[in-house]
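Q: Contents of input-v6.txt (compact mmCIF, C-alpha atoms) are given next:
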# COMPACT_ATOMS: atom_id res chain seq x y z
CA MET A 1 289.69 -45.11 23.40
CA ALA A 2 286.90 -47.59 24.03
CA LYS A 3 287.74 -51.12 25.12
CA ARG A 4 288.32 -53.28 22.04
CA ILE A 5 287.67 -57.02 21.84
CA PHE A 6 288.68 -58.97 18.74
CA ILE A 7 286.53 -62.03 17.99
CA THR A 8 288.41 -64.66 16.00
CA ALA A 9 288.02 -68.40 15.44
CA THR A 10 289.91 -71.50 14.42
CA ASN A 11 288.43 -71.27 10.91
CA THR A 12 285.49 -69.93 8.95
CA ASN A 13 281.94 -70.96 9.92
CA VAL A 14 282.86 -71.72 13.52
CA GLY A 15 280.67 -69.06 15.15
CA LYS A 16 282.31 -65.63 15.26
CA THR A 17 279.11 -63.78 14.38
CA TYR A 18 277.11 -65.86 16.84
CA ALA A 19 279.64 -65.17 19.60
CA THR A 20 279.76 -61.48 18.78
CA ALA A 21 275.98 -61.19 19.01
CA LEU A 22 275.93 -62.97 22.38
CA LEU A 23 278.61 -60.64 23.73
CA LEU A 24 276.85 -57.54 22.42
CA LYS A 25 273.77 -58.52 24.41
CA GLU A 26 275.75 -59.43 27.52
CA PHE A 27 277.80 -56.23 27.63
CA ALA A 28 274.71 -54.12 26.91
CA ALA A 29 272.96 -55.85 29.83
CA GLN A 30 275.88 -54.68 31.99
CA GLY A 31 274.99 -51.10 31.09
CA LEU A 32 277.73 -50.50 28.52
CA HIS A 33 277.28 -48.62 25.24
CA VAL A 34 278.31 -51.32 22.79
CA GLY A 35 279.54 -51.06 19.23
CA VAL A 36 280.58 -53.45 16.50
CA PHE A 37 283.15 -53.38 13.71
CA LYS A 38 283.75 -55.90 10.93
CA PRO A 39 286.77 -54.55 9.05
CA ILE A 40 286.53 -56.94 6.10
CA GLU A 41 283.71 -59.11 4.78
CA THR A 42 283.98 -61.26 1.67
CA GLY A 43 281.26 -63.12 -0.21
CA VAL A 44 279.15 -59.97 -0.24
CA GLU A 45 276.23 -59.98 -2.67
CA GLY A 46 274.79 -56.49 -2.32
CA THR A 47 274.75 -56.30 1.48
CA PRO A 48 277.32 -57.75 3.91
CA ALA A 49 275.10 -60.26 5.71
CA ASP A 50 277.13 -60.76 8.88
CA GLY A 51 277.99 -57.08 9.23
CA LYS A 52 274.37 -56.02 8.76
CA LYS A 53 273.12 -58.56 11.30
CA LEU A 54 275.56 -57.29 13.91
CA PHE A 55 275.03 -53.62 13.12
CA ASP A 56 271.25 -53.95 13.34
CA LEU A 57 271.60 -55.61 16.75
CA ALA A 58 274.14 -53.05 17.97
CA LYS A 59 271.83 -50.18 16.97
CA GLU A 60 269.00 -51.73 18.98
CA LEU A 61 271.26 -51.98 22.01
CA ASN A 62 272.96 -48.61 21.50
CA PRO A 63 270.84 -46.08 19.57
CA LEU A 64 273.83 -43.68 19.44
CA LEU A 65 275.13 -45.82 16.57
CA ARG A 66 272.22 -44.87 14.31
CA CYS A 67 274.18 -41.90 12.98
CA LEU A 68 276.63 -44.34 11.35
CA SER A 69 276.21 -46.24 8.09
CA LEU A 70 276.73 -49.92 7.36
CA LYS A 71 279.72 -48.92 5.23
CA SER A 72 281.29 -47.44 8.36
CA ILE A 73 280.88 -50.76 10.16
CA VAL A 74 282.10 -52.90 7.25
CA PRO A 75 284.57 -50.67 5.36
CA TYR A 76 285.96 -53.34 3.05
CA GLN A 77 283.35 -55.42 1.22
CA PHE A 78 284.30 -57.87 -1.53
CA ARG A 79 282.09 -60.09 -3.64
CA LEU A 80 284.28 -63.19 -4.00
CA PRO A 81 283.88 -65.63 -1.05
CA ALA A 82 287.61 -66.03 -0.49
CA ALA A 83 290.42 -64.83 1.74
CA PRO A 84 290.68 -61.02 1.63
CA TYR A 85 294.05 -61.23 -0.13
CA VAL A 86 292.34 -62.98 -3.04
CA ALA A 87 288.91 -61.33 -2.86
CA LYS A 88 290.30 -57.77 -2.88
CA GLU A 89 291.89 -58.29 -6.30
CA LYS A 90 293.76 -55.03 -7.08
CA HIS A 91 292.55 -53.14 -4.01
CA THR A 92 294.84 -52.38 -1.06
CA ILE A 93 293.64 -52.92 2.51
CA ASN A 94 294.96 -50.02 4.57
CA ILE A 95 295.40 -50.39 8.33
CA ASP A 96 295.35 -46.64 9.01
CA PHE A 97 292.04 -46.38 7.15
CA LEU A 98 290.60 -49.18 9.30
CA LEU A 99 291.84 -47.50 12.47
CA SER A 100 290.13 -44.26 11.48
CA LYS A 101 286.84 -46.12 10.98
CA LEU A 102 287.21 -47.87 14.32
CA GLU A 103 287.91 -44.60 16.11
CA ALA A 104 284.77 -43.07 14.59
CA ILE A 105 282.70 -45.92 16.01
CA GLU A 106 284.35 -45.52 19.41
CA GLU A 107 283.03 -41.98 19.73
CA HIS A 108 279.64 -43.56 20.48
CA CYS A 109 280.74 -46.54 22.58
CA ASP A 110 282.31 -47.78 25.78
CA LEU A 111 283.27 -51.04 24.10
CA VAL A 112 283.65 -52.23 20.50
CA LEU A 113 283.53 -55.86 19.39
CA ILE A 114 285.64 -56.44 16.28
CA GLU A 115 284.82 -59.52 14.22
CA GLY A 116 287.62 -60.96 12.12
CA ALA A 117 287.25 -62.91 8.87
CA GLY A 118 288.01 -66.63 8.85
CA GLY A 119 290.83 -67.81 11.09
CA LEU A 120 293.98 -66.22 12.43
CA MET A 121 296.23 -66.94 9.44
CA VAL A 122 293.81 -65.76 6.76
CA PRO A 123 295.90 -63.50 4.46
CA ILE A 124 294.94 -59.85 4.01
CA GLU A 125 298.00 -58.69 2.13
CA GLU A 126 301.05 -60.74 1.17
CA ASP A 127 302.74 -59.95 4.49
CA LEU A 128 299.65 -59.16 6.60
CA PHE A 129 297.38 -61.72 8.23
CA MET A 130 294.22 -61.58 10.32
CA VAL A 131 296.22 -62.16 13.52
CA ASP A 132 298.18 -58.97 12.79
CA LEU A 133 295.03 -56.89 13.15
CA ILE A 134 294.88 -57.78 16.84
CA ALA A 135 298.09 -55.88 17.59
CA ALA A 136 297.17 -53.06 15.21
CA PHE A 137 293.86 -52.57 17.02
CA GLU A 138 295.33 -53.09 20.52
CA ALA A 139 292.46 -55.44 21.29
CA SER A 140 291.87 -58.25 23.75
CA VAL A 141 290.94 -61.56 22.12
CA LEU A 142 288.23 -64.20 22.17
CA LEU A 143 289.07 -67.36 20.22
CA VAL A 144 285.95 -69.31 19.21
CA CYS A 145 286.62 -73.05 18.91
CA PRO A 146 284.54 -75.86 17.36
CA SER A 147 282.87 -78.77 19.13
CA ARG A 148 283.14 -81.03 16.08
CA LEU A 149 285.47 -84.01 15.75
CA GLY A 150 288.90 -82.61 14.88
CA GLY A 151 288.27 -79.48 16.89
CA ILE A 152 290.97 -80.29 19.45
CA ASN A 153 293.67 -80.02 16.80
CA ASP A 154 292.19 -76.79 15.42
CA THR A 155 291.97 -75.30 18.91
CA LEU A 156 295.53 -76.22 19.89
CA LEU A 157 297.00 -74.85 16.65
CA SER A 158 295.23 -71.50 17.01
CA ARG A 159 296.13 -71.21 20.70
CA TYR A 160 299.74 -72.09 19.93
CA LEU A 161 299.90 -69.27 17.38
CA LEU A 162 298.44 -66.74 19.82
CA GLU A 163 300.77 -67.86 22.59
CA SER A 164 303.82 -67.80 20.29
CA LYS A 165 303.00 -64.17 19.49
CA LYS A 166 302.46 -63.48 23.20
CA ILE A 167 298.83 -62.53 22.62
CA ALA A 168 296.75 -63.03 25.75
CA HIS A 169 293.38 -64.52 24.94
CA THR A 170 290.23 -66.14 26.22
CA TRP A 171 288.89 -69.17 24.37
CA ALA A 172 285.49 -70.83 24.29
CA ILE A 173 283.82 -73.76 22.60
CA ASN A 174 280.82 -73.21 20.35
CA LEU A 175 278.65 -76.28 20.96
CA TYR A 176 277.13 -76.62 17.52
CA GLU A 177 278.49 -79.44 15.33
CA ASP A 178 278.75 -82.86 17.00
CA SER A 179 277.51 -81.20 20.18
CA GLU A 180 275.68 -84.36 21.27
CA SER A 181 278.90 -86.39 21.20
CA PHE A 182 281.21 -83.60 22.39
CA GLU A 183 281.13 -84.57 26.07
CA LYS A 184 282.24 -88.10 25.23
CA VAL A 185 284.55 -87.51 22.26
CA SER A 186 286.31 -84.18 22.88
CA ALA A 187 285.57 -82.80 26.35
CA PRO A 188 287.76 -85.36 28.19
CA PHE A 189 290.87 -83.80 26.65
CA TYR A 190 289.93 -80.39 27.98
CA LYS A 191 289.28 -81.95 31.43
CA ASN A 192 286.11 -79.88 31.76
CA GLU A 193 288.18 -76.69 32.08
CA PHE A 194 286.68 -75.17 28.95
CA LEU A 195 284.00 -72.51 28.64
CA SER A 196 281.16 -72.73 26.13
CA LEU A 197 279.34 -69.90 24.39
CA GLN A 198 276.01 -71.51 25.20
CA ASN A 199 276.54 -71.92 28.97
CA ASP A 200 279.21 -69.46 30.07
CA ILE A 201 278.76 -66.18 28.21
CA LYS A 202 278.76 -64.11 31.43
CA THR A 203 282.04 -65.67 32.55
CA ILE A 204 283.54 -65.18 29.08
CA ALA A 205 282.52 -61.52 29.06
CA ASN A 206 284.05 -60.98 32.50
CA LYS A 207 287.33 -62.61 31.44
CA LEU A 208 287.53 -60.30 28.44
Could you rewrite the structure in this file as structure tokens?
A:
Amino acid sequence: MAKRIFITATNTNVGKTYATALLLKEFAAQGLHVGVFKPIETGVEGTPADGKKLFDLAKELNPLLRCLSLKSIVPYQFRLPAAPYVAKEKHTINIDFLLSKLEAIEEHCDLVLIEGAGGLMVPIEEDLFMVDLIAAFEASVLLVCPSRLGGINDTLLSRYLLESKKIAHTWAINLYEDSESFEKVSAPFYKNEFLSLQNDIKTIANKL
């Protein structure tokens, strides 16, 4: 089994795809055969935009992946931009099916980055949430956190959930919204012990 890293975030549009792309490049620079997997993507109009972006990059970094299709990388694609539980309508999302797709990718990789959808408590089935995929995939975790005002609360809630489930994780700030005021408004709470995607990607990769 290849090493698996699950990329999650405090919410949607916080920077999972951005973080995944940075890590793909960093791990490839370390000489690893990298792969990517996005089990579920919603809001798909024809082509899954995030999945395609990551797959195209992964193929550049690891040509062994060219034998796979985009459907292999993003097995569940739904048109409605909503939580998978809603977007899937009458479909069933099957964990064993996802595991089989992940294992097929691993045949060509040393390491696979798995990008979640939305935040940790996004529902997939009535009794299955995004956080549950972490255990199912036996993956280590990167939690991407926002730099915007209100991000401290979002970060603490997501970290509390991971810790309550005894899920070891690395977390990092994506300096994007309110980044100019972050050092004054939010950074003092973290006491400068945080990592950022923009400045510390090598350290983040090593911790994972």
Q: Using all atoms listed in the file, what table do you get, as CSV, when you list each residue of range 64-145 of chain A with an atom no more than 8 Å from range 50-56 of chain A, its nearest pair of atoms, and their distance in Å rounded to one decimal, rows by chain then rising number?
A:
residue,atom,partner,partner_atom,distance
A:Leu70,CA,A:Lys52,CA,6.7
A:Ile73,CA,A:Gly51,CA,7.0
A:Val74,CA,A:Gly51,CA,6.2
Q: Considering all atoms listed in the file, return as number ranges by chain whatever protein or nucleic-acid residues lie within 7 Å of range 199-208 of chain A, sequence-local ones (same chain, fewer than 4 positions apart) excluded.
A: A: 23, 26, 140, 170, 195
Q: Give the answer as one residue: which of A:Asp110, A:Glu45, A:Glu125, A:Asp96 has the shortest atom-to-atom distance to Pro84 in chain A, using all atoms listed in the file?
A: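 Among A:Asp110, A:Glu45, A:Glu125, A:Asp96, it is A:Glu125 that comes nearest to Pro84 in chain A.
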Q: Please compute the CA of Leu197 in chain A-CA of Cys145 in chain A distance, one decimal, in Å.
A: 9.6 Å
Q: Identify the residues within 7 Å of coordinate (293.3, -58.5, 3.3) (same frame as the file), considering only C-alpha atoms, and give the answer as a ChimeraX atom specification.
A: /A:84-85,88,93,123-125
Q: Would you mind reading off the distance between CA of Leu142 in chain A and CA of Phe97 in chain A, one decimal, in Å?
A: 23.6 Å
Q: So the first atom is CA of Thr10 in chain A and the second is CA of Leu32 in chain A; what is the distance between them in Å, to one decimal place?
A: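 Here the two named atoms are 28.1 Å from each other.
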Q: Which one is closest to Ala136 in chain A: A:Gly119, A:Arg4, A:Ser186, A:Phe27? Count all atoms listed in the file.
A: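 The answer is A:Arg4, which sits nearest to Ala136 in chain A.
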Q: Skipping near chain neighbours, those fewer than 5 positions away, what residues fall within 9 Å of Arg148 in chain A using all atoms listed in the file, listed as a VMD selection string?
A: chain A and resid 175 to 179 181 to 182 186
Q: Those same residues, written as a PDB file, in the coordinates of the input with C-alpha atoms?
A:
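And here's part.pdb as it stands now:
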ATOM      1  CA  LEU A 175     278.650 -76.280  20.960  1.00  0.00           C
ATOM      2  CA  TYR A 176     277.130 -76.620  17.520  1.00  0.00           C
ATOM      3  CA  GLU A 177     278.490 -79.440  15.330  1.00  0.00           C
ATOM      4  CA  ASP A 178     278.750 -82.860  17.000  1.00  0.00           C
ATOM      5  CA  SER A 179     277.510 -81.200  20.180  1.00  0.00           C
ATOM      6  CA  SER A 181     278.900 -86.390  21.200  1.00  0.00           C
ATOM      7  CA  PHE A 182     281.210 -83.600  22.390  1.00  0.00           C
ATOM      8  CA  SER A 186     286.310 -84.180  22.880  1.00  0.00           C
TER       9      SER A 186
END
Q: Using all atoms listed in the file, which protein or nucleic acid residues come within 12 Å of Lys38 in chain A? Drop anything in the same chain fewer than 5 positions from it, and give the result as a VMD selection string.
A: chain A and resid 5 to 8 16 to 17 20 48 to 55 70 to 77 98 to 99 101 to 102 105 112 to 118 130 133
Q: Return range 92-104 of chain A, completed with N, CA and C atoms, as an mmCIF file, in the coordinates of the input.
A:
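Contents of the output file out.cif:
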data_model
loop_
_atom_site.group_PDB
_atom_site.id
_atom_site.type_symbol
_atom_site.label_atom_id
_atom_site.label_comp_id
_atom_site.auth_asym_id
_atom_site.auth_seq_id
_atom_site.Cartn_x
_atom_site.Cartn_y
_atom_site.Cartn_z
ATOM 1 N N THR A 92 293.918 -52.306 -2.189
ATOM 2 C CA THR A 92 294.840 -52.380 -1.060
ATOM 3 C C THR A 92 294.059 -52.175 0.226
ATOM 4 N N ILE A 93 294.291 -53.041 1.210
ATOM 5 C CA ILE A 93 293.640 -52.920 2.510
ATOM 6 C C ILE A 93 294.575 -52.134 3.418
ATOM 7 N N ASN A 94 294.129 -50.973 3.848
ATOM 8 C CA ASN A 94 294.960 -50.020 4.570
ATOM 9 C C ASN A 94 294.625 -50.020 6.061
ATOM 10 N N ILE A 95 295.613 -50.313 6.892
ATOM 11 C CA ILE A 95 295.400 -50.390 8.330
ATOM 12 C C ILE A 95 295.014 -49.036 8.923
ATOM 13 N N ASP A 96 295.666 -47.979 8.479
ATOM 14 C CA ASP A 96 295.350 -46.640 9.010
ATOM 15 C C ASP A 96 293.915 -46.257 8.698
ATOM 16 N N PHE A 97 293.435 -46.639 7.522
ATOM 17 C CA PHE A 97 292.040 -46.380 7.150
ATOM 18 C C PHE A 97 291.102 -47.140 8.094
ATOM 19 N N LEU A 98 291.422 -48.393 8.381
ATOM 20 C CA LEU A 98 290.600 -49.180 9.300
ATOM 21 C C LEU A 98 290.603 -48.584 10.702
ATOM 22 N N LEU A 99 291.755 -48.124 11.146
ATOM 23 C CA LEU A 99 291.840 -47.500 12.470
ATOM 24 C C LEU A 99 290.980 -46.241 12.551
ATOM 25 N N SER A 100 290.949 -45.474 11.482
ATOM 26 C CA SER A 100 290.130 -44.260 11.480
ATOM 27 C C SER A 100 288.644 -44.606 11.575
ATOM 28 N N LYS A 101 288.230 -45.675 10.911
ATOM 29 C CA LYS A 101 286.840 -46.120 10.980
ATOM 30 C C LYS A 101 286.495 -46.630 12.377
ATOM 31 N N LEU A 102 287.421 -47.361 12.968
ATOM 32 C CA LEU A 102 287.210 -47.870 14.320
ATOM 33 C C LEU A 102 287.097 -46.729 15.321
ATOM 34 N N GLU A 103 287.946 -45.749 15.193
ATOM 35 C CA GLU A 103 287.910 -44.600 16.110
ATOM 36 C C GLU A 103 286.615 -43.816 15.981
ATOM 37 N N ALA A 104 286.052 -43.761 14.779
ATOM 38 C CA ALA A 104 284.770 -43.070 14.590
ATOM 39 C C ALA A 104 283.642 -43.810 15.304
#
